[in-house]
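Trainee: Structure file input-v4.txt (compact mmCIF, C-alpha atoms) is given on the next line.
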# COMPACT_ATOMS: atom_id res chain seq x y z
CA MET S 9 12.16 31.50 20.58
CA PRO S 10 9.48 33.38 18.64
CA GLY S 11 6.01 31.92 18.47
CA SER S 12 2.38 32.85 18.38
CA LEU S 13 1.02 33.68 21.80
CA ASP S 14 -2.30 32.11 20.85
CA ALA S 15 -0.61 28.91 19.77
CA GLN S 16 1.29 28.77 23.03
CA LYS S 17 -1.88 29.35 24.98
CA THR S 18 -3.65 26.49 23.29
CA GLY S 19 -0.61 24.30 23.74
CA THR S 20 -0.34 23.34 20.09
CA ALA S 21 2.91 25.06 19.21
CA LEU S 22 5.46 22.40 18.33
CA LEU S 23 9.20 22.65 18.52
CA ALA S 24 10.37 20.63 15.54
CA VAL S 25 13.81 19.17 14.99
CA ARG S 26 14.60 18.36 11.39
CA SER S 27 17.65 16.63 10.05
CA ARG S 28 18.57 14.20 7.29
CA SER S 29 18.21 11.30 9.65
CA ALA S 30 15.00 12.04 11.51
CA SER S 31 12.36 14.68 12.07
CA TRP S 32 10.43 14.91 15.27
CA SER S 33 8.82 17.45 17.53
CA VAL S 34 7.71 18.04 21.08
CA PRO S 35 4.98 20.31 22.42
CA GLY S 36 6.39 23.82 22.68
CA THR S 37 4.89 24.26 26.11
CA ALA S 38 7.10 21.47 27.46
CA VAL S 39 10.35 23.17 26.42
CA ALA S 40 12.02 24.96 29.31
CA ARG S 41 15.16 26.08 27.51
CA ILE S 42 17.61 25.27 24.73
CA GLU S 43 21.36 25.09 25.06
CA ARG S 44 24.22 24.32 22.74
CA LEU S 45 25.60 20.87 23.36
CA SER S 46 29.04 22.36 23.89
CA ASP S 47 27.63 24.44 26.74
CA TRP S 48 25.70 21.59 28.31
CA ALA S 49 27.05 20.38 31.65
CA GLY S 50 24.20 18.24 32.90
CA ASP S 51 23.43 14.53 32.55
CA ALA S 52 23.82 12.91 29.16
CA PRO S 53 20.85 13.95 27.03
CA LEU S 54 18.52 11.40 25.46
CA ASP S 55 19.50 10.97 21.80
CA VAL S 56 16.04 11.11 20.26
CA ALA S 57 17.25 10.59 16.71
CA ARG S 58 18.50 7.17 17.71
CA LEU S 59 15.02 6.29 18.92
CA VAL S 60 12.91 7.64 16.09
CA GLY S 61 15.35 7.55 13.20
CA SER S 62 19.05 7.06 12.98
CA ALA S 63 21.77 9.21 14.40
CA ARG S 64 24.17 10.13 11.63
CA ALA S 65 27.62 11.46 12.15
CA GLY S 66 28.30 14.84 10.70
CA GLU S 67 25.37 16.75 12.12
CA THR S 68 26.80 20.11 13.04
CA GLU S 69 23.76 21.57 14.71
CA LEU S 70 23.72 19.83 18.08
CA ARG S 71 21.66 21.29 20.87
CA VAL S 72 20.07 20.18 24.09
CA LEU S 73 16.37 20.79 24.53
CA VAL S 74 15.55 20.81 28.18
CA LEU S 75 11.97 19.80 28.78
CA ASP S 76 10.04 20.33 31.94
CA VAL S 77 8.06 17.14 32.49
CA ALA S 78 5.99 17.30 35.65
CA GLY S 79 8.63 19.41 37.34
CA GLN S 80 11.54 17.25 36.24
CA GLU S 81 14.13 18.37 33.72
CA LEU S 82 14.59 16.10 30.74
CA PRO S 83 17.50 16.83 28.39
CA LEU S 84 17.02 15.80 24.75
CA LEU S 85 19.76 15.81 22.15
CA ALA S 86 18.52 17.64 19.07
CA ARG S 87 20.41 16.99 15.84
CA GLY S 88 19.52 19.42 13.09
CA ALA S 89 17.57 22.59 12.56
CA LEU S 90 14.95 23.78 15.01
CA ALA S 91 11.66 25.35 14.00
CA LEU S 92 8.60 26.46 15.88
CA ILE S 93 5.49 25.18 14.14
CA GLU S 94 2.05 26.42 15.00
CA SER S 95 -0.52 23.69 14.83
CA SER S 96 -4.05 23.15 16.08
CA PRO S 97 -5.75 20.21 17.75
CA GLU S 98 -7.48 19.15 14.54
CA ARG S 99 -4.12 18.94 12.80
CA LEU S 100 -2.70 16.61 15.44
CA LEU S 101 -3.83 13.09 14.65
CA ALA S 102 -3.79 10.16 17.00
CA MET S 103 -1.37 7.43 16.06
CA PRO S 104 -3.23 4.28 14.92
CA ALA S 105 -3.04 1.58 17.56
CA VAL S 106 -1.42 -0.77 15.08
CA PHE S 107 1.76 1.31 15.18
CA ARG S 108 2.01 1.98 18.88
CA LYS S 109 4.41 -0.90 19.34
CA ASN S 110 6.68 0.37 16.56
CA ALA S 111 6.69 3.96 17.68
CA PRO S 112 6.00 4.00 21.42
CA LEU S 113 7.35 7.52 21.88
CA VAL S 114 4.97 9.01 19.33
CA ASP S 115 1.89 10.60 20.78
CA ARG S 116 0.49 12.37 17.71
CA VAL S 117 1.20 12.93 14.07
CA ALA S 118 1.17 16.53 12.94
CA LEU S 119 -0.36 17.49 9.61
CA ILE S 120 1.53 19.99 7.54
CA ASP S 121 -0.18 21.19 4.38
CA GLY S 122 -2.79 18.48 4.87
CA ALA S 123 -0.37 15.56 4.96
CA PRO S 124 1.07 13.70 7.94
CA ALA S 125 4.58 15.02 8.20
CA LEU S 126 5.93 15.11 11.72
CA PHE S 127 5.89 12.93 14.79
CA VAL S 128 4.91 14.63 18.01
CA LEU S 129 6.66 12.84 20.83
CA SER S 130 5.20 12.39 24.27
CA PRO S 131 7.29 14.11 26.98
CA PRO S 132 6.25 11.61 29.70
CA ARG S 133 7.25 8.69 27.47
CA LEU S 134 10.53 10.40 26.62
CA LEU S 135 11.17 10.80 30.32
CA GLU S 136 10.46 7.12 30.83
CA ALA S 137 12.86 6.26 28.00
CA TRP S 138 15.53 8.44 29.53
CA ARG S 139 15.11 6.75 32.88
CA SER S 140 15.01 3.21 31.52
CA PRO S 141 16.41 3.18 28.00
CA GLN S 142 16.45 -0.62 27.77
CA ARG S 143 12.66 -0.63 27.54
CA LEU S 144 12.89 1.10 24.20
CA ALA S 145 16.01 -0.63 23.00
CA HIS S 146 14.18 -2.25 20.10
CA ALA S 147 13.32 1.14 18.65
CA ASP S 148 17.01 1.79 18.24
CA SER S 149 17.33 -0.92 15.63
CA VAL S 150 14.64 0.29 13.30
CA PRO S 151 15.89 3.44 11.60
CA LEU S 152 13.29 5.55 9.86
CA SER S 153 15.70 7.14 7.46
CA SER S 154 16.81 3.94 5.79
CA ARG S 155 13.35 3.20 4.53
CA VAL P 8 -45.32 -35.50 29.56
CA ILE P 9 -43.64 -36.07 26.20
CA GLY P 10 -43.64 -39.67 25.07
CA ARG P 11 -40.54 -41.52 23.80
CA ASP P 12 -41.89 -41.55 20.22
CA ALA P 13 -42.48 -37.84 20.28
CA VAL P 14 -38.93 -37.24 21.46
CA ARG P 15 -37.58 -39.61 18.79
CA GLN P 16 -39.65 -37.92 16.08
CA THR P 17 -38.55 -34.48 17.20
CA SER P 18 -34.93 -35.60 17.24
CA MET P 19 -35.20 -36.98 13.72
CA VAL P 20 -36.75 -33.76 12.44
CA PHE P 21 -34.02 -31.78 14.16
CA ALA P 22 -31.34 -34.05 12.68
CA ALA P 23 -32.83 -33.72 9.21
CA HIS P 24 -32.81 -29.96 9.51
CA TRP P 25 -29.22 -30.05 10.70
CA VAL P 26 -28.16 -32.18 7.73
CA LEU P 27 -29.97 -29.92 5.30
CA ALA P 28 -28.41 -26.88 6.88
CA SER P 29 -24.97 -28.47 6.69
CA GLU P 30 -25.41 -29.31 3.03
CA ALA P 31 -26.65 -25.85 2.36
CA ARG P 32 -23.62 -24.45 4.09
CA LEU P 33 -21.34 -26.60 1.97
CA ALA P 34 -23.17 -25.61 -1.18
CA VAL P 35 -22.74 -21.92 -0.58
CA SER P 36 -19.29 -22.10 0.90
CA PHE P 37 -17.65 -20.95 -2.32
CA ALA P 38 -20.23 -18.21 -2.69
CA GLU P 39 -19.58 -17.08 0.86
CA ARG P 40 -15.86 -17.06 0.27
CA VAL P 41 -16.24 -14.60 -2.55
CA PHE P 42 -19.00 -12.62 -0.84
CA PHE P 43 -21.71 -12.96 -3.40
CA ARG P 44 -24.61 -10.71 -2.79
CA ALA P 45 -28.08 -12.01 -3.50
CA GLU P 46 -30.04 -9.39 -5.32
CA ALA P 47 -33.76 -9.75 -5.82
CA ASN P 48 -34.68 -9.29 -9.45
CA GLY P 49 -38.42 -9.76 -9.20
CA LEU P 50 -38.46 -13.35 -10.48
CA GLY P 51 -35.91 -14.79 -8.23
CA CYS P 52 -32.41 -14.14 -6.97
CA THR P 53 -29.23 -13.63 -8.93
CA MET P 54 -25.89 -13.91 -7.23
CA THR P 55 -23.67 -11.02 -8.17
CA ARG P 56 -20.59 -9.42 -6.80
CA ALA P 57 -19.43 -5.84 -7.29
CA LEU P 58 -15.67 -5.51 -7.65
CA VAL P 59 -13.28 -2.64 -8.16
CA PRO P 60 -10.48 -3.24 -10.68
CA ALA P 61 -7.18 -1.79 -9.47
CA ARG P 62 -3.66 -1.96 -10.79
CA ILE P 63 -0.40 -2.18 -8.89
CA GLY P 64 2.57 -2.07 -11.19
CA GLN P 65 1.52 -4.17 -14.16
CA VAL P 66 -0.79 -6.39 -12.13
CA TRP P 67 -4.54 -5.85 -12.24
CA ILE P 68 -6.59 -7.17 -9.36
CA LEU P 69 -10.19 -7.01 -8.19
CA LEU P 70 -11.20 -5.80 -4.75
CA ASP P 71 -14.58 -6.08 -3.12
CA ALA P 72 -16.50 -2.88 -3.86
CA GLU P 73 -18.52 -3.25 -0.69
CA ILE P 74 -15.53 -2.45 1.48
CA VAL P 75 -14.23 0.42 -0.65
CA ARG P 76 -15.47 3.67 0.83
CA GLU P 77 -13.68 6.16 -1.32
CA ILE P 78 -11.10 6.48 -4.07
CA LEU P 79 -8.65 9.33 -3.60
CA GLY P 80 -5.79 10.56 -5.72
CA ALA P 81 -2.14 10.28 -4.77
CA GLU P 82 -1.69 10.79 -1.05
CA LEU P 83 1.45 11.76 0.78
CA TRP P 84 2.23 9.27 3.49
CA LEU P 85 4.46 9.21 6.51
CA PRO P 86 6.60 6.12 7.13
CA ILE P 87 6.51 4.67 10.62
CA PRO P 88 9.80 3.49 12.12
CA GLY P 89 10.01 -0.27 12.19
CA ALA P 90 6.69 -0.84 10.46
CA ARG P 91 6.19 -3.89 8.29
CA ALA P 92 6.53 -3.62 4.53
CA GLU P 93 2.87 -4.57 4.17
CA MET P 94 1.74 -1.67 6.38
CA PRO P 95 4.55 0.85 6.18
CA GLY P 96 2.96 4.13 7.21
CA ILE P 97 -0.04 6.39 7.46
CA ILE P 98 -2.03 8.92 5.50
CA ALA P 99 -4.46 11.50 6.79
CA TRP P 100 -8.10 10.89 5.95
CA ARG P 101 -11.06 12.75 7.37
CA GLY P 102 -9.19 14.00 10.39
CA ARG P 103 -7.59 10.74 11.35
CA ALA P 104 -4.40 8.87 10.67
CA VAL P 105 -5.11 5.78 8.59
CA PRO P 106 -2.62 2.93 8.05
CA ILE P 107 -1.68 2.23 4.47
CA VAL P 108 -1.60 -1.30 3.15
CA ASP P 109 0.92 -2.02 0.42
CA LEU P 110 -0.36 -4.90 -1.66
CA ALA P 111 2.84 -4.78 -3.68
CA ALA P 112 4.63 -6.38 -0.74
CA PRO P 113 2.97 -9.81 -0.90
CA PHE P 114 2.77 -9.70 -4.68
CA GLY P 115 6.54 -9.36 -4.98
CA LEU P 116 6.26 -6.02 -6.74
CA PRO P 117 8.34 -2.91 -6.03
CA GLN P 118 7.19 -1.63 -2.68
CA LEU P 119 6.32 1.90 -1.73
CA GLU P 120 9.41 3.86 -0.86
CA THR P 121 9.57 6.86 1.38
CA GLY P 122 8.50 9.96 -0.53
CA GLU P 123 6.85 7.91 -3.25
CA SER P 124 3.10 7.78 -3.86
CA ARG P 125 0.79 5.90 -6.19
CA ALA P 126 -1.73 7.70 -8.36
CA ARG P 127 -4.83 6.42 -6.56
CA THR P 128 -5.60 5.58 -2.96
CA LEU P 129 -8.47 3.29 -2.07
CA ILE P 130 -9.98 3.84 1.34
CA ALA P 131 -11.41 0.56 2.59
CA ASN P 132 -13.25 -0.70 5.63
CA VAL P 133 -11.38 -3.67 6.97
CA ALA P 134 -11.24 -5.35 10.36
CA GLU P 135 -13.75 -2.88 11.80
CA SER P 136 -11.51 -0.02 10.85
CA VAL P 137 -10.20 1.86 7.86
CA VAL P 138 -7.09 1.32 5.77
CA ALA P 139 -5.70 3.05 2.71
CA VAL P 140 -4.51 1.02 -0.26
CA PRO P 141 -2.29 2.93 -2.69
CA VAL P 142 -2.64 1.67 -6.27
CA ASP P 143 -1.41 2.86 -9.62
CA ALA P 144 -4.85 2.86 -11.22
CA ALA P 145 -8.46 2.11 -10.36
CA ARG P 146 -11.44 1.69 -12.66
CA GLU P 147 -15.19 1.80 -12.28
CA VAL P 148 -16.96 -0.91 -10.34
CA HIS P 149 -17.85 -4.02 -12.36
CA THR P 150 -20.59 -6.41 -11.37
CA PHE P 151 -19.87 -10.07 -11.91
CA SER P 152 -22.34 -12.91 -11.92
CA ALA P 153 -21.63 -16.18 -10.18
CA GLY P 154 -20.80 -17.79 -13.50
CA GLU P 155 -18.19 -15.17 -14.29
CA LEU P 156 -16.22 -15.87 -11.12
CA GLY P 157 -14.32 -19.05 -10.63
CA PRO P 158 -11.52 -20.61 -8.68
CA CYS P 159 -8.01 -19.40 -9.44
CA ASN P 160 -6.63 -21.35 -12.37
CA VAL P 161 -4.81 -18.71 -14.35
CA THR P 162 -3.78 -16.24 -11.67
CA SER P 163 -1.52 -17.15 -8.78
CA LEU P 164 -1.41 -14.15 -6.50
CA PRO P 165 -1.35 -14.53 -2.75
CA TYR P 166 -4.67 -13.83 -1.05
CA ALA P 167 -6.56 -14.48 -4.29
CA ILE P 168 -9.86 -16.22 -3.66
CA ALA P 169 -11.32 -16.23 -7.16
CA GLU P 170 -10.67 -14.88 -10.61
CA ALA P 171 -12.66 -13.26 -13.39
CA ALA P 172 -12.07 -12.07 -16.92
CA LEU P 173 -11.90 -8.34 -17.48
CA PHE P 174 -9.96 -6.09 -19.81
CA GLU P 175 -9.26 -9.20 -21.93
CA ARG P 176 -7.30 -10.85 -19.14
CA MET P 177 -7.88 -12.81 -15.96
CA LEU P 178 -7.90 -10.79 -12.77
CA ALA P 179 -7.55 -12.22 -9.30
CA VAL P 180 -10.09 -11.30 -6.66
CA VAL P 181 -7.93 -10.40 -3.69
CA ASP P 182 -9.18 -10.92 -0.17
CA LEU P 183 -8.05 -7.67 1.41
CA PRO P 184 -9.69 -8.38 4.80
CA GLN P 185 -7.75 -11.61 5.08
CA PHE P 186 -4.48 -9.90 4.20
CA VAL P 187 -5.05 -7.11 6.71
CA GLY P 188 -6.14 -9.62 9.31
CA GLU P 189 -2.89 -11.48 8.87
CA ILE P 190 -0.88 -8.27 9.13
CA LEU P 191 -2.62 -7.40 12.37
CA GLY P 192 -2.11 -10.89 13.67
CA GLY P 193 1.54 -10.82 12.63
CA THR P 194 1.07 -13.91 10.53
CA THR P 195 1.49 -12.61 6.99
CA ARG P 196 2.80 -15.43 4.89
CA GLU P 197 4.99 -13.77 2.34
CA LEU P 198 7.07 -11.30 4.28
CA GLN P 199 8.68 -10.70 7.58
CA GLY P 200 9.10 -7.19 8.90
CA ARG P 201 10.82 -4.89 6.47
CA GLU P 202 13.20 -3.84 9.19
CA GLY P 203 12.55 -6.35 11.83
CA GLY P 204 9.23 -4.76 12.72
CA GLN P 205 7.07 -6.42 15.28
CA GLY P 206 3.73 -8.08 14.81
CA HIS P 207 0.67 -5.97 15.41
CA ALA P 208 -2.10 -6.44 17.83
CA GLY P 209 -4.86 -4.20 16.63
CA LEU P 210 -5.98 -1.34 14.49
CA ALA P 211 -7.18 2.03 15.63
Before we go any further, please render this structure as structure tokens.
Mentor:
Amino acid sequence: MPGSLDAQKTGTALLAVRSRSASWSVPGTAVARIERLSDWAGDAPLDVARLVGSARAGETELRVLVLDVAGQELPLLARGALALIESSPERLLAMPAVFRKNAPLVDRVALIDGAPALFVLSPPRLLEAWRSPQRLAHADSVPLSSR
Amino acid sequence: VIGRDAVRQTSMVFAAHWVLASEARLAVSFAERVFFRAEANGLGCTMTRALVPARIGQVWILLDAEIVREILGAELWLPIPGARAEMPGIIAWRGRAVPIVDLAAPFGLPQLETGESRARTLIANVAESVVAVPVDAAREVHTFSAGELGPCNVTSLPYAIAEAALFERMLAVVDLPQFVGEILGGTTRELQGREGGQGHAGLA
């Protein structure tokens, strides 16, 4: 996965997943490896699109992003195209408190061309969701893409 | 030692002051509701209020100029999953993510859709924080005297606290802080969550 060494050093490279149903990203430094879903033999990955958007049938690009969260592997199902985006701390905005209940997995909002464009998800919160999905069950019913 | 008469006299004076203060409060209650500002003019005080005319769809409204910090152009916004129709997403402003407030929602007008922007964005201080209010047009600040503002008789918009004539029509003065306060408290009157969104507890 190509990426700027400087961006990786500062920890602001983002691995973005973009599809018709949802776009999201995780810090590039948290990504241990990427596998095709057809090659994946581990535990069922967390379907992130179902949590931050809506999972649509017909996505052909299905991969598993394996994150390393405090030494534990966390598999995420990625539906759509992957891209490495170089950002900087000043282009990662804190989510207003008013929305934390609606989007509990979102840690930051990344600016692209000066506009908020991409959610940056929190690996620890994703890990928590993977371990106890019922705690985030409400997020499943509020698709972003239908808005 | 304070004698009984002295105590009685003091109590009466205190009571008289309390009554006067109460009456004064009643007398200015309307003025307080519409945030009149007393401005010294050398001979006395005139009660005026500075308001920003803004249009959403075909509806012109007036917003308190004192809370408007800046007027931007069209801003791209990011929808938040599950957010209420009244506060559907965020824009970036001065290095922070700011919630947008869609006044079209309570007014029954077409609401902001994903990917759609309005030509102007008012940045306002509300509830000790900042919100962005997308509007289709905004005009220069107008100053209204007390006599030019009155209770709503012609207009019937939600959150209207007064009305005034401008542009050869009556415009409602909309209480944006009240609206935002109700959104944050999850008690907005006109709408439930757009997609079953939850009530909100606070603003960044």
Trainee: When distances are computed from only C-alpha atoms, which of P:Trp67, P:Phe151, P:Phe114, P:Trp100 shows the smallest separation from chain S?
Mentor: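 Ranking P:Trp67, P:Phe151, P:Phe114, P:Trp100 by distance to chain S, first place goes to P:Trp100.
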Trainee: From the options P:Ala169, P:Val148, P:Leu129, P:Ile87, which residue's atoms come nearest to chain S, counting all atoms listed in the file?
Mentor: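 The closest residue to chain S is P:Ile87.
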Trainee: My list of candidates is S:Ser95, S:Asn110, S:Ser29, S:Met103. Which is closest to Gly122 of chain S when distances are computed with only C-alpha atoms?
Mentor: S:Ser95
Trainee: What is the distance, in Å and to one decimal place, between atom CA of Val187 of chain P and atom CA of Glu170 of chain P?
Mentor: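 We find that atom CA of Val187 of chain P and atom CA of Glu170 of chain P lie 19.8 Å from each other.
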Trainee: Leaving out Ser33 of chain S and any residue of its chain fewer than 3 positions from it, which residues lie within 9 Å of it when counting all atoms listed in the file, given as a PyMOL selection string?
Mentor: chain S and resi 22-26+36+118+126-129
Trainee: Ranking P:Gly89, P:Pro117, P:Gly96, P:Pro141 by minimum distance to Glu77 of chain P and counting all atoms listed in the file, which one comes first?
Mentor: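 Ranked by minimum distance to Glu77 of chain P, first place goes to P:Pro141.
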Trainee: Around (-3.6, -17.7, -10.2) in the file's frame, which residues reach within 12 Å when counting all atoms listed in the file? Return as a list of chain:residue names?
Mentor: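 Residues with an atom at most 12 Å from (-3.6, -17.7, -10.2): P:Val66, P:Ile68, P:Phe114, P:Gly157, P:Pro158, P:Cys159, P:Asn160, P:Val161, P:Thr162, P:Ser163, P:Leu164, P:Pro165, P:Tyr166, P:Ala167, P:Ile168, P:Ala169, P:Glu170, P:Ala171, P:Arg176, P:Met177, P:Leu178, P:Ala179, P:Val180, P:Val181.
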Trainee: Put those residues in a file: C-alpha atoms, as an mmCIF file, keeping the file's coordinate frame.
Mentor:
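Done, and the output landed in result_17.cif:
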data_model
loop_
_atom_site.group_PDB
_atom_site.id
_atom_site.type_symbol
_atom_site.label_atom_id
_atom_site.label_comp_id
_atom_site.auth_asym_id
_atom_site.auth_seq_id
_atom_site.Cartn_x
_atom_site.Cartn_y
_atom_site.Cartn_z
ATOM 1 C CA VAL P 66 -0.790 -6.390 -12.130
ATOM 2 C CA ILE P 68 -6.590 -7.170 -9.360
ATOM 3 C CA PHE P 114 2.770 -9.700 -4.680
ATOM 4 C CA GLY P 157 -14.320 -19.050 -10.630
ATOM 5 C CA PRO P 158 -11.520 -20.610 -8.680
ATOM 6 C CA CYS P 159 -8.010 -19.400 -9.440
ATOM 7 C CA ASN P 160 -6.630 -21.350 -12.370
ATOM 8 C CA VAL P 161 -4.810 -18.710 -14.350
ATOM 9 C CA THR P 162 -3.780 -16.240 -11.670
ATOM 10 C CA SER P 163 -1.520 -17.150 -8.780
ATOM 11 C CA LEU P 164 -1.410 -14.150 -6.500
ATOM 12 C CA PRO P 165 -1.350 -14.530 -2.750
ATOM 13 C CA TYR P 166 -4.670 -13.830 -1.050
ATOM 14 C CA ALA P 167 -6.560 -14.480 -4.290
ATOM 15 C CA ILE P 168 -9.860 -16.220 -3.660
ATOM 16 C CA ALA P 169 -11.320 -16.230 -7.160
ATOM 17 C CA GLU P 170 -10.670 -14.880 -10.610
ATOM 18 C CA ALA P 171 -12.660 -13.260 -13.390
ATOM 19 C CA ARG P 176 -7.300 -10.850 -19.140
ATOM 20 C CA MET P 177 -7.880 -12.810 -15.960
ATOM 21 C CA LEU P 178 -7.900 -10.790 -12.770
ATOM 22 C CA ALA P 179 -7.550 -12.220 -9.300
ATOM 23 C CA VAL P 180 -10.090 -11.300 -6.660
ATOM 24 C CA VAL P 181 -7.930 -10.400 -3.690
#
Trainee: Calculated over all atoms listed in the file, which of the candidates P:Thr121, P:Ser136, P:Thr150, P:Thr128 has the smallest distance to Leu191 of chain P?
Mentor: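 Of all the options, P:Ser136 lies closest to Leu191 of chain P.
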Trainee: Please list as an mmCIF file with C-alpha atoms, in the coordinates of the input every residue within 12 Å of His149 of chain P, counting only C-alpha atoms and excluding residues in the same chain fewer than 6 positions away.
Mentor:
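Saved file part.cif follows:
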data_model
loop_
_atom_site.group_PDB
_atom_site.id
_atom_site.type_symbol
_atom_site.label_atom_id
_atom_site.label_comp_id
_atom_site.auth_asym_id
_atom_site.auth_seq_id
_atom_site.Cartn_x
_atom_site.Cartn_y
_atom_site.Cartn_z
ATOM 1 C CA THR P 55 -23.670 -11.020 -8.170
ATOM 2 C CA ARG P 56 -20.590 -9.420 -6.800
ATOM 3 C CA ALA P 57 -19.430 -5.840 -7.290
ATOM 4 C CA LEU P 58 -15.670 -5.510 -7.650
ATOM 5 C CA VAL P 59 -13.280 -2.640 -8.160
ATOM 6 C CA PRO P 60 -10.480 -3.240 -10.680
ATOM 7 C CA ALA P 61 -7.180 -1.790 -9.470
ATOM 8 C CA LEU P 69 -10.190 -7.010 -8.190
ATOM 9 C CA LEU P 70 -11.200 -5.800 -4.750
ATOM 10 C CA ASP P 71 -14.580 -6.080 -3.120
ATOM 11 C CA ALA P 72 -16.500 -2.880 -3.860
ATOM 12 C CA GLU P 73 -18.520 -3.250 -0.690
ATOM 13 C CA GLU P 155 -18.190 -15.170 -14.290
ATOM 14 C CA ALA P 171 -12.660 -13.260 -13.390
ATOM 15 C CA ALA P 172 -12.070 -12.070 -16.920
ATOM 16 C CA LEU P 173 -11.900 -8.340 -17.480
ATOM 17 C CA PHE P 174 -9.960 -6.090 -19.810
#
Trainee: Quick one: distance from atom CA of Val56 of chain S to atom CA of Leu85 of chain P in Å, one decimal?
Mentor: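 Between atom CA of Val56 of chain S and atom CA of Leu85 of chain P the gap is 18.1 Å.
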Trainee: Select, from P:Ala81, P:Ile74, P:Ile98, P:Gly115, the residue with the minimum atom-to-atom distance to chain S, counting all atoms listed in the file.
Mentor: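 Comparing P:Ala81, P:Ile74, P:Ile98, P:Gly115 against chain S, the winner is P:Ile98.
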Trainee: Between atom CA of Val105 of chain P and atom CA of Ser96 of chain S, what distance in Å does the model show, to one decimal?
Mentor: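 Spanning atom CA of Val105 of chain P to atom CA of Ser96 of chain S is a straight-line distance of 18.9 Å.
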Trainee: Could you list, as a ChimeraX atom specification, every residue within 8 Å of Pro106 of chain P, counting only C-alpha atoms and ignoring same-chain residues fewer than 4 positions away?
Mentor: /S:104 /P:94-98,137-139
